[in-house]
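Listing of final_2.cif; format and content: mmCIF, C-alpha atoms.
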data_entry
loop_
_atom_site.label_atom_id
_atom_site.label_comp_id
_atom_site.auth_asym_id
_atom_site.auth_seq_id
_atom_site.Cartn_x
_atom_site.Cartn_y
_atom_site.Cartn_z
CA MET W 806 48.82 94.70 122.52
CA LEU W 807 50.57 98.03 123.14
CA ALA W 808 53.78 96.15 123.92
CA SER W 809 53.44 94.24 120.65
CA PHE W 810 53.07 97.44 118.66
CA ARG W 811 56.12 98.91 120.39
CA THR W 812 58.13 95.82 119.47
CA THR W 813 57.05 95.85 115.85
CA GLY W 814 57.74 99.55 115.55
CA SER W 815 61.27 99.13 116.84
CA LEU W 816 61.90 96.26 114.40
CA ALA W 817 60.73 98.38 111.47
CA ARG W 818 62.86 101.32 112.56
CA ARG W 819 65.90 99.07 112.93
CA ALA W 820 65.44 97.61 109.46
CA ALA W 821 64.75 101.00 107.92
CA SER W 822 67.79 102.62 109.47
CA ALA W 823 69.98 99.69 108.47
CA GLY W 824 68.62 99.81 104.95
CA GLN W 825 69.48 103.48 104.68
CA ARG W 826 73.19 102.91 105.23
CA ARG W 827 74.74 104.37 102.10
CA PHE W 828 78.34 104.70 103.04
CA LEU W 829 81.69 102.98 102.94
CA SER W 830 83.83 103.14 106.07
CA ILE W 831 87.60 102.82 105.92
CA HIS W 832 90.20 101.98 108.56
CA GLU W 833 91.99 104.62 110.58
CA TYR W 834 95.34 104.09 108.87
CA GLN W 835 93.64 104.55 105.49
CA SER W 836 91.96 107.71 106.76
CA VAL W 837 95.32 109.05 107.90
CA ASN W 838 96.77 108.50 104.43
CA LEU W 839 93.85 110.37 102.88
CA LEU W 840 94.22 113.27 105.32
CA ASN W 841 97.94 113.52 104.61
CA SER W 842 97.32 113.56 100.85
CA TYR W 843 95.38 116.80 101.38
CA GLY W 844 98.10 118.33 103.54
CA ILE W 845 96.26 117.74 106.80
CA PRO W 846 98.76 117.06 109.62
CA THR W 847 98.58 113.91 111.74
CA PRO W 848 101.03 112.10 114.00
CA LYS W 849 103.39 109.90 111.99
CA SER W 850 101.92 106.42 111.74
CA ILE W 851 102.62 103.09 110.03
CA VAL W 852 100.40 100.03 109.68
CA ALA W 853 101.54 96.48 110.49
CA LYS W 854 99.72 93.28 109.58
CA SER W 855 101.66 90.78 111.68
CA PRO W 856 103.42 90.79 115.07
CA GLU W 857 106.78 90.49 113.30
CA GLU W 858 105.98 93.46 111.10
CA ALA W 859 104.93 95.45 114.17
CA TYR W 860 108.34 94.70 115.73
CA LYS W 861 110.19 95.95 112.65
CA VAL W 862 108.02 99.07 112.38
CA ALA W 863 108.65 99.96 116.02
CA GLN W 864 112.35 99.19 115.70
CA ASN W 865 112.76 101.59 112.77
CA PHE W 866 110.22 104.23 113.80
CA GLY W 867 112.75 106.69 115.22
CA THR W 868 111.18 106.88 118.68
CA ASP W 869 110.18 104.39 121.37
CA LYS W 870 107.22 106.49 122.53
CA LEU W 871 104.45 104.96 120.43
CA VAL W 872 100.76 104.11 120.48
CA ILE W 873 99.46 100.83 119.05
CA LYS W 874 95.87 100.77 117.80
CA ALA W 875 93.78 97.81 116.65
CA GLN W 876 92.40 98.49 113.17
CA VAL W 877 88.75 97.53 113.54
CA LEU W 878 85.78 99.44 112.10
CA ALA W 879 84.09 100.26 115.38
CA GLY W 880 84.07 102.99 117.97
CA GLY W 881 85.11 102.49 121.58
CA ARG W 882 88.21 100.48 120.71
CA GLY W 883 90.15 101.70 123.75
CA LYS W 884 87.54 100.30 126.13
CA GLY W 885 86.92 97.15 124.10
CA LYS W 886 87.96 93.60 124.90
CA PHE W 887 89.33 90.89 122.61
CA ASP W 888 87.75 87.46 122.48
CA ASN W 889 91.05 86.02 123.78
CA GLY W 890 90.67 88.07 126.99
CA PHE W 891 93.13 90.86 126.13
CA GLN W 892 91.74 94.16 127.33
CA GLY W 893 91.74 97.30 125.18
CA GLY W 894 92.35 98.00 121.51
CA VAL W 895 94.57 101.06 122.11
CA HIS W 896 97.77 100.99 124.17
CA THR W 897 100.95 102.97 124.67
CA ILE W 898 104.14 101.02 124.05
CA ASP W 899 107.81 101.71 124.76
CA SER W 900 109.75 99.03 122.84
CA PRO W 901 109.69 96.87 119.71
CA GLN W 902 109.24 93.81 121.93
CA GLN W 903 106.12 95.32 123.44
CA ALA W 904 104.82 96.21 119.98
CA GLN W 905 105.21 92.59 118.89
CA GLU W 906 103.60 91.27 122.07
CA TYR W 907 100.55 93.52 121.85
CA ALA W 908 100.17 93.00 118.09
CA GLY W 909 100.21 89.26 118.70
CA LYS W 910 97.28 89.62 121.10
CA MET W 911 95.32 91.84 118.72
CA ILE W 912 95.88 90.52 115.19
CA GLY W 913 93.74 87.51 114.38
CA SER W 914 91.43 88.06 117.36
CA LYS W 915 88.02 89.71 117.50
CA LEU W 916 87.61 93.02 119.30
CA ILE W 917 84.29 93.44 121.09
CA THR W 918 83.11 97.01 121.72
CA LYS W 919 79.80 98.70 122.43
CA GLN W 920 79.36 99.10 118.66
CA THR W 921 80.30 95.62 117.41
CA GLY W 922 77.78 93.49 119.27
CA ALA W 923 78.70 90.34 121.17
CA GLY W 924 80.38 88.73 118.16
CA GLY W 925 83.02 91.44 117.81
CA ARG W 926 85.02 92.20 114.67
CA ILE W 927 88.24 90.64 113.49
CA CYS W 928 91.46 92.65 113.82
CA ASN W 929 93.68 92.08 110.79
CA ALA W 930 96.13 94.93 111.35
CA VAL W 931 97.45 97.39 113.91
CA MET W 932 98.60 100.96 113.44
CA LEU W 933 101.68 102.25 115.26
CA ALA W 934 101.75 106.01 115.74
CA GLU W 935 104.08 108.46 117.44
CA ARG W 936 102.88 109.84 120.75
CA ARG W 937 102.12 113.54 120.63
CA ASP W 938 101.21 115.13 123.95
CA PRO W 939 98.02 117.23 123.68
CA SER W 940 97.43 120.37 125.68
CA HIS W 941 93.80 120.48 124.57
CA GLU W 942 91.48 118.29 122.50
CA TYR W 943 88.76 119.40 120.08
CA TYR W 944 86.00 117.76 118.06
CA VAL W 945 85.56 118.52 114.34
CA ALA W 946 83.18 117.00 111.79
CA VAL W 947 81.97 117.77 108.28
CA LEU W 948 78.57 116.38 107.39
CA ASN W 949 75.26 116.97 105.62
CA ASP W 950 72.71 118.85 107.71
CA ARG W 951 68.98 118.35 107.16
CA VAL W 952 68.05 121.60 108.88
CA THR W 953 70.11 123.85 106.59
CA GLN W 954 69.89 121.35 103.69
CA GLY W 955 73.58 121.75 103.10
CA VAL W 956 77.04 120.90 104.39
CA VAL W 957 78.09 122.09 107.84
CA LEU W 958 81.25 121.99 109.92
CA VAL W 959 80.52 120.97 113.50
CA ALA W 960 83.16 121.80 116.10
CA SER W 961 83.56 121.78 119.85
CA ASN W 962 86.34 122.55 122.32
CA GLN W 963 85.25 119.45 124.24
CA GLY W 964 86.87 116.76 122.10
CA GLY W 965 88.23 113.35 122.95
CA MET W 966 84.87 112.25 124.36
CA ASN W 967 81.45 111.14 123.17
CA ILE W 968 80.08 114.10 121.23
CA GLU W 969 76.49 112.92 121.84
CA GLU W 970 77.06 113.34 125.57
CA VAL W 971 78.42 116.84 125.01
CA ALA W 972 75.38 117.71 122.92
CA ALA W 973 73.06 116.44 125.66
CA THR W 974 74.80 118.05 128.65
CA ASN W 975 76.28 121.22 127.15
CA PRO W 976 74.78 122.01 123.71
CA GLY W 977 76.31 125.49 123.81
CA ALA W 978 79.75 123.90 123.47
CA ILE W 979 78.94 122.78 119.92
CA ILE W 980 79.43 125.28 117.08
CA THR W 981 77.77 124.63 113.71
CA THR W 982 79.11 126.52 110.69
CA PRO W 983 77.28 126.27 107.33
CA ILE W 984 79.56 125.84 104.30
CA ASP W 985 78.83 127.16 100.81
CA PHE W 986 78.89 124.03 98.64
CA GLU W 987 80.61 125.68 95.66
CA LYS W 988 82.92 128.15 97.39
CA GLY W 989 83.83 126.05 100.38
CA LEU W 990 84.94 127.45 103.72
CA SER W 991 86.64 130.86 103.54
CA LYS W 992 89.93 131.43 105.35
CA SER W 993 88.42 134.28 107.38
CA THR W 994 85.54 132.09 108.58
CA ALA W 995 87.92 129.23 109.38
CA LEU W 996 90.21 131.53 111.38
CA GLU W 997 87.27 132.97 113.27
CA LEU W 998 86.13 129.46 114.19
CA ALA W 999 89.62 128.53 115.40
CA LYS W 1000 89.65 131.65 117.56
CA THR W 1001 86.16 130.95 118.94
CA LEU W 1002 87.21 127.42 119.90
CA GLY W 1003 90.02 128.88 121.99
CA ILE W 1004 92.93 127.61 119.94
CA LYS W 1005 96.07 129.59 120.73
CA GLU W 1006 97.15 132.21 118.23
CA GLY W 1007 100.14 130.20 117.06
CA GLY W 1008 97.93 127.25 116.06
CA GLN W 1009 94.95 129.10 114.61
CA ASP W 1010 96.29 129.14 111.06
CA GLU W 1011 97.01 125.40 111.16
CA ALA W 1012 93.52 124.72 112.48
CA ALA W 1013 91.92 126.94 109.84
CA ASN W 1014 93.73 125.07 107.07
CA ILE W 1015 92.55 121.76 108.54
CA PHE W 1016 88.92 122.97 108.45
CA ILE W 1017 89.25 124.15 104.85
CA ASN W 1018 90.91 120.97 103.63
CA LEU W 1019 88.47 118.67 105.43
CA TYR W 1020 85.69 120.21 103.37
CA LYS W 1021 87.75 119.75 100.20
CA ILE W 1022 88.01 116.02 100.93
CA PHE W 1023 84.30 115.89 101.74
CA LYS W 1024 83.37 117.39 98.38
CA ASP W 1025 86.06 115.80 96.22
CA LYS W 1026 85.47 112.27 97.49
CA ASP W 1027 81.65 112.33 97.90
CA ALA W 1028 81.91 111.73 101.63
CA THR W 1029 78.85 111.40 103.82
CA GLN W 1030 80.77 112.22 106.99
CA ILE W 1031 84.24 113.14 108.19
CA GLU W 1032 84.77 113.04 111.94
CA ILE W 1033 87.99 114.05 113.70
CA ASN W 1034 87.92 113.17 117.38
CA PRO W 1035 90.14 114.43 118.70
CA MET W 1036 91.85 117.23 116.86
CA SER W 1037 94.58 118.15 119.29
CA GLU W 1038 96.57 121.25 120.09
CA THR W 1039 99.92 119.83 121.19
CA VAL W 1040 102.21 121.11 123.92
CA ASP W 1041 104.69 122.20 121.25
CA GLY W 1042 102.08 124.47 119.64
CA HIS W 1043 100.93 122.41 116.64
CA VAL W 1044 97.42 121.29 115.69
CA LEU W 1045 97.04 117.66 114.58
CA CYS W 1046 94.23 115.27 113.66
CA MET W 1047 94.76 112.42 116.09
CA ASP W 1048 91.94 110.12 114.93
CA ALA W 1049 89.61 110.10 111.93
CA LYS W 1050 86.40 108.44 110.81
CA PHE W 1051 85.23 108.64 107.19
CA GLY W 1052 82.03 107.61 105.44
CA PHE W 1053 81.61 107.67 101.64
CA ASP W 1054 78.47 107.58 99.54
CA ASP W 1055 78.04 104.16 97.87
CA ASN W 1056 76.26 105.83 94.96
CA ALA W 1057 79.54 107.55 94.03
CA GLU W 1058 81.57 104.34 93.81
CA PHE W 1059 81.91 104.69 90.02
CA ARG W 1060 83.73 108.00 90.57
CA HIS W 1061 86.08 106.81 93.31
CA GLU W 1062 87.37 103.36 92.55
CA ASP W 1063 90.53 104.12 94.53
CA ILE W 1064 88.55 104.84 97.68
CA PHE W 1065 86.20 101.87 97.32
CA ALA W 1066 89.15 99.57 96.70
CA LEU W 1067 89.92 100.14 100.40
CA ARG W 1068 86.73 98.34 101.49
CA ASP W 1069 87.41 95.62 104.07
CA ILE W 1070 84.63 93.06 103.85
CA SER W 1071 86.06 91.17 106.84
CA GLN W 1072 84.51 93.94 108.93
CA GLU W 1073 81.03 93.30 107.52
CA GLU W 1074 78.41 90.62 108.15
CA PRO W 1075 79.30 87.82 105.66
CA SER W 1076 75.68 87.11 104.76
CA GLU W 1077 75.11 90.78 103.94
CA VAL W 1078 78.18 90.78 101.68
CA GLU W 1079 76.88 87.70 99.83
CA ALA W 1080 73.43 89.25 99.47
CA GLN W 1081 74.89 92.44 98.05
CA LYS W 1082 76.74 90.45 95.38
CA ALA W 1083 73.42 88.90 94.33
CA GLY W 1084 71.65 92.26 94.26
CA LEU W 1085 69.55 91.48 97.33
CA ASN W 1086 68.70 94.01 100.04
CA PHE W 1087 69.51 91.97 103.14
CA ILE W 1088 70.04 92.88 106.79
CA LYS W 1089 70.72 90.22 109.39
CA LEU W 1090 68.67 90.36 112.60
CA ASP W 1091 68.51 88.15 115.68
CA GLY W 1092 65.30 86.13 115.30
CA SER W 1093 64.33 82.63 114.16
CA ILE W 1094 61.99 83.28 111.20
CA GLY W 1095 63.67 83.80 107.86
CA CYS W 1096 61.83 86.32 105.66
CA LEU W 1097 61.82 86.59 101.87
CA VAL W 1098 59.70 89.48 100.60
CA ASN W 1099 59.56 91.82 97.61
CA GLY W 1100 59.51 95.54 98.37
CA ALA W 1101 60.97 97.29 101.40
CA GLY W 1102 57.58 98.47 102.67
CA LEU W 1103 56.04 95.00 102.50
CA ALA W 1104 59.19 93.54 104.07
CA MET W 1105 58.87 95.83 107.09
CA ALA W 1106 55.12 95.17 107.32
CA THR W 1107 55.85 91.43 107.24
CA MET W 1108 58.30 91.81 110.10
CA ASP W 1109 55.72 93.77 112.05
CA VAL W 1110 53.02 91.12 111.59
CA LEU W 1111 55.40 88.36 112.65
CA ALA W 1112 56.30 90.29 115.79
CA LEU W 1113 52.61 90.97 116.43
CA HIS W 1114 52.04 87.21 116.55
CA GLY W 1115 54.94 86.71 118.94
CA GLY W 1116 57.63 85.87 116.42
CA ASN W 1117 61.07 87.37 115.85
CA PRO W 1118 62.34 87.92 112.29
CA ALA W 1119 65.83 86.61 111.50
CA ASN W 1120 66.38 89.15 108.75
CA PHE W 1121 65.13 91.89 106.48
CA LEU W 1122 65.22 90.62 102.88
CA ASP W 1123 63.83 92.48 99.90
CA VAL W 1124 64.36 90.57 96.64
CA GLY W 1125 63.17 93.57 94.62
CA GLY W 1126 61.11 93.58 91.47
CA GLY W 1127 63.64 91.94 89.16
CA ALA W 1128 64.31 88.69 91.02
CA THR W 1129 64.81 85.47 89.04
CA PRO W 1130 64.53 81.83 90.15
CA GLU W 1131 68.33 81.88 90.60
CA THR W 1132 68.11 84.96 92.80
CA VAL W 1133 65.45 83.28 94.93
CA LYS W 1134 67.68 80.23 95.34
CA LYS W 1135 70.56 82.45 96.44
CA ALA W 1136 68.26 84.13 98.96
CA PHE W 1137 67.40 80.68 100.36
CA GLU W 1138 71.09 79.82 100.68
CA ILE W 1139 71.66 83.00 102.68
CA LEU W 1140 68.66 82.35 104.94
CA LEU W 1141 69.70 78.75 105.57
CA SER W 1142 73.26 79.76 106.44
CA ASP W 1143 71.87 81.14 109.70
CA PRO W 1144 71.55 78.25 112.20
CA LYS W 1145 69.02 80.23 114.22
CA VAL W 1146 66.44 80.13 111.40
CA LYS W 1147 63.70 77.60 112.32
CA SER W 1148 61.09 78.50 109.67
CA ILE W 1149 60.93 80.57 106.50
CA PHE W 1150 58.09 82.91 105.53
CA ILE W 1151 57.80 84.01 101.91
CA ASN W 1152 55.44 86.94 101.34
CA ILE W 1153 55.20 88.13 97.74
CA PHE W 1154 52.92 90.72 96.16
CA GLY W 1155 53.27 90.23 92.42
CA GLY W 1156 53.22 93.53 90.61
CA ILE W 1157 56.40 93.86 88.62
CA MET W 1158 57.50 90.62 90.22
CA ARG W 1159 55.78 87.52 88.82
CA CYS W 1160 54.59 85.01 91.39
CA ASP W 1161 55.42 82.06 89.12
CA TYR W 1162 59.10 83.15 89.08
CA ILE W 1163 59.10 83.06 92.86
CA ALA W 1164 57.36 79.69 92.89
CA GLU W 1165 59.89 78.27 90.43
CA GLY W 1166 62.74 79.54 92.58
CA VAL W 1167 61.17 78.21 95.77
CA ILE W 1168 60.64 74.75 94.29
CA LYS W 1169 64.17 74.67 92.84
CA ALA W 1170 65.76 75.80 96.11
CA THR W 1171 63.70 73.37 98.20
CA LYS W 1172 64.80 70.43 96.07
CA GLU W 1173 68.44 71.37 95.45
CA LEU W 1174 69.21 72.59 98.98
CA GLY W 1175 67.42 69.73 100.72
CA LEU W 1176 65.25 72.09 102.75
CA THR W 1177 64.20 70.51 106.05
CA ILE W 1178 62.77 73.45 107.99
CA PRO W 1179 59.11 74.50 107.58
CA LEU W 1180 58.30 76.82 104.67
CA VAL W 1181 55.25 79.08 104.60
CA VAL W 1182 54.39 80.84 101.33
CA ARG W 1183 51.91 83.63 100.59
CA LEU W 1184 51.69 84.69 96.93
CA LYS W 1185 49.34 87.39 95.64
CA GLY W 1186 49.17 89.22 92.32
CA THR W 1187 50.64 88.61 88.85
CA MET W 1188 50.58 84.93 87.80
CA GLU W 1189 49.24 83.99 91.23
CA ALA W 1190 47.09 81.07 90.05
CA GLU W 1191 49.92 79.58 88.00
CA ALA W 1192 52.31 79.88 90.94
CA LYS W 1193 49.93 78.14 93.33
CA GLU W 1194 49.43 75.31 90.84
CA MET W 1195 53.20 74.89 90.49
CA ILE W 1196 53.59 74.59 94.26
CA LYS W 1197 50.69 72.13 94.49
CA ALA W 1198 52.04 69.99 91.64
CA SER W 1199 55.54 69.90 93.16
CA GLY W 1200 54.41 67.58 95.93
CA LEU W 1201 56.71 69.38 98.36
CA LYS W 1202 55.80 70.12 101.97
CA ILE W 1203 55.15 73.82 101.45
CA VAL W 1204 52.41 75.53 103.47
CA ALA W 1205 50.60 77.88 101.05
CA LEU W 1206 48.19 80.40 102.59
CA ASP W 1207 46.32 83.48 101.34
CA SER W 1208 45.76 85.43 104.57
CA LEU W 1209 48.75 87.47 105.78
CA ASP W 1210 47.74 87.08 109.41
CA GLU W 1211 47.23 83.34 109.09
CA ALA W 1212 50.50 82.87 107.19
CA ALA W 1213 52.49 84.92 109.70
CA GLU W 1214 50.93 83.13 112.67
CA THR W 1215 51.71 79.75 111.08
CA ALA W 1216 55.35 80.73 110.46
CA VAL W 1217 55.66 81.76 114.10
CA GLN W 1218 54.16 78.51 115.36
CA LEU W 1219 56.41 76.41 113.14
CA ALA W 1220 59.51 78.24 114.37
CA VAL W 1221 58.99 77.11 117.95
#

Take the structure in the file and give it back as structure tokens.
Amino acid sequence: MLASFRTTGSLARRAASAGQRRFLSIHEYQSVNLLNSYGIPTPKSIVAKSPEEAYKVAQNFGTDKLVIKAQVLAGGRGKGKFDNGFQGGVHTIDSPQQAQEYAGKMIGSKLITKQTGAGGRICNAVMLAERRDPSHEYYVAVLNDRVTQGVVLVASNQGGMNIEEVAATNPGAIITTPIDFEKGLSKSTALELAKTLGIKEGGQDEAANIFINLYKIFKDKDATQIEINPMSETVDGHVLCMDAKFGFDDNAEFRHEDIFALRDISQEEPSEVEAQKAGLNFIKLDGSIGCLVNGAGLAMATMDVLALHGGNPANFLDVGGGATPETVKKAFEILLSDPKVKSIFINIFGGIMRCDYIAEGVIKATKELGLTIPLVVRLKGTMEAEAKEMIKASGLKIVALDSLDEAAETAVQLAV
């Protein structure tokens, strides 16, 4: 029993954390363009979307000493592996021919890293950048901090590595600087931070300006996070942002159409993209029982009960309080697009949501989509009696139950 509760708890946490994602991520080459627009220095870089384009970019770059990077929204690209067997999403190159060869192995293939899962993510472009030799690497991030309830700049002189490992093994190497939301970061504070990090005197002013301008981007663009790893002090005395990761608040999309136009849905789970278009809160999981529920709390409770009975949910799906029969049908289409789904469990508590609307949608979807897998339905609340009568009169093979435990257990058994 204890093991069951541990499993259900982890499922709920996974769904909750996934549901709380409120940010847009953009590719590295797009991040570089944004940094440059605020006067933040980076190595010169150019994107290429075909092997032939990569050849031309390298040929006209002005130097043969380049780095080629797969543009995939995931960390750990350098240690990743493509589904065609090619190892690594970041390589140094020394000729246009090599640029074309490596781009050919990257573009159109999926890069698998520790963050992508086994399926990997498609690489549609590569970025070619000049090589700049670092003498030291630093970590810099601007983010919201729950402790201070404000924005902070987090920095460390141990960059170019996993910052979580640094925090665990040497927390004293991480410096957190609160930022006044209205005034921003003062030049004196920024210079003091650069000095504390150990940046040489000649590069301290450049570093301070980077810190100040990173916060300006954060505020101007409604970012949720800006992470520079690494920020490098080069052998020729300059300070450059070598890599960047941005997150932007989805709630601010109406203010930043230019930023949100950069969204690359090829990097997202297709079923989640479709659900978003229909106004559904959907997160794909790995199980075999499709779930259709109204309300995030009830959805997580439903997942817990399924796991308690030995089942594994295939998704988190909250249809919300304003679902229509058409929305329900769309939800069915999304659930049925997953070949791993062996049964569907509908658990509705009709408050704002009317049970008869759900029943109408269920009947319509079952008929029009030619549903062949078992369907278990539990409806309670507003227009409950009418909904149950509609299901009964439909003559369809729908298992209607009142008890949550019994319904969940039945869905689990039917998914075997």

When the PyMOL selection byres ((chain W and resi 1079) around 12) is applied to the structure above, which residues does it catch, written out as a ChimeraX atom specification? /W:1070,1073-1078,1080-1089,1132,1135-1140,1142

Find the distance between CA of Val872 (chain W) and CA of Met932 (chain W) and write it in Å to one decimal. 8.0 Å

Coordinates-based distance that separates CA of Gln902 (chain W) from CA of Thr868 (chain W) (Å, one decimal): 13.6 Å

Between CA of Asn1018 (chain W) and CA of Leu878 (chain W), distance in Å (one decimal):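 Taking CA of Asn1018 (chain W) and CA of Leu878 (chain W), their separation equals 23.7 Å.
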
Quick one: apply the PyMOL selection byres ((chain W and resi 903) around 12) to the file and drop the selected residues here as a PyMOL selection string. chain W and resi 856-857+859-864+869-873+896-902+904-910+933

Need to verify the contact set: Leu840 (chain W), 8 Å, all atoms listed in the file, exclusion of same-chain residues closer than 6 positions in sequence. Can you return it as a PDB file with C-alpha atoms, keeping the file's coordinate frame?
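around.pdb was written with the following content:
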ATOM      1  CA  PRO W 846      98.760 117.060 109.620  1.00  0.00           C
ATOM      2  CA  THR W 847      98.580 113.910 111.740  1.00  0.00           C
ATOM      3  CA  LEU W1019      88.470 118.670 105.430  1.00  0.00           C
TER       4      LEU W1019
END

Could you tell me which of W:Gln920, W:Ser1199, W:Ser1037, W:Ser1148 comes closest to Leu1176 (chain W) if we count only C-alpha atoms?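 Closest residue, counting only C-alpha atoms: W:Ser1148.
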
Selection dump of the PyMOL selection byres ((chain W and resi 980-992) around 12), as a ChimeraX atom specification: /W:943-963,968,971-972,975-979,993-999,1001-1002,1009-1025

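Checking W:Glu942, W:Asp1210, W:Asp1161, W:Glu833 one by one against Ile1031 (chain W), counting all atoms listed in the file, you find the shortest gap at W:Glu833.
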
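The list of residues with at least one atom within 9 Å of Ala1049 (chain W), based on all atoms listed in the file and without residues fewer than 2 positions apart in the same chain, reads His832, Glu833, Tyr834, Ser836, Val837, Leu840, Ile1031, Glu1032, Ile1033, Asn1034, Pro1035, Met1036, Cys1046, Met1047 and Phe1051 of chain W.
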
Which residues, protein or nucleic acid, reach to within 10 Å of (57.5, 80.1, 91.5) in the file's coordinates when using all atoms listed in the file, and can you give that as a PyMOL selection string? chain W and resi 1129-1130+1133+1159-1169+1184+1188-1189+1191-1196

Scan for residues within 8 Å of the point (54.3, 92.9, 89.0) in the coordinates of the file, using all atoms listed in the file, and reply as a PyMOL selection string. chain W and resi 1126+1154-1159+1186-1187

Please produce an output containing C-alpha atoms for each residue in the selection, written as a PDB file, in the frame of the given file.
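Done, and the output landed in part_34.pdb:
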ATOM      1  CA  GLY W1126      61.110  93.580  91.470  1.00  0.00           C
ATOM      2  CA  PHE W1154      52.920  90.720  96.160  1.00  0.00           C
ATOM      3  CA  GLY W1155      53.270  90.230  92.420  1.00  0.00           C
ATOM      4  CA  GLY W1156      53.220  93.530  90.610  1.00  0.00           C
ATOM      5  CA  ILE W1157      56.400  93.860  88.620  1.00  0.00           C
ATOM      6  CA  MET W1158      57.500  90.620  90.220  1.00  0.00           C
ATOM      7  CA  ARG W1159      55.780  87.520  88.820  1.00  0.00           C
ATOM      8  CA  GLY W1186      49.170  89.220  92.320  1.00  0.00           C
ATOM      9  CA  THR W1187      50.640  88.610  88.850  1.00  0.00           C
TER      10      THR W1187
END

Please list as a CSV table (one decimal) with C-alpha atoms, keeping the file's coordinate frame every residue within 8 Å of Ile912 (chain W), counting only C-alpha atoms and excluding residues in the same chain fewer than 5 positions away.
chain,number,residue,atom,x,y,z
W,854,LYS,CA,99.7,93.3,109.6
W,855,SER,CA,101.7,90.8,111.7
W,856,PRO,CA,103.4,90.8,115.1
W,875,ALA,CA,93.8,97.8,116.6
W,927,ILE,CA,88.2,90.6,113.5
W,928,CYS,CA,91.5,92.6,113.8
W,929,ASN,CA,93.7,92.1,110.8
W,930,ALA,CA,96.1,94.9,111.4
W,931,VAL,CA,97.4,97.4,113.9

Closest of W:Ala1198, W:Leu829, W:Met911, W:Val1110 to Ala1212 (chain W) - atom-to-atom distances counting all atoms listed in the file: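 So, comparing all the options, the nearest one is W:Val1110.
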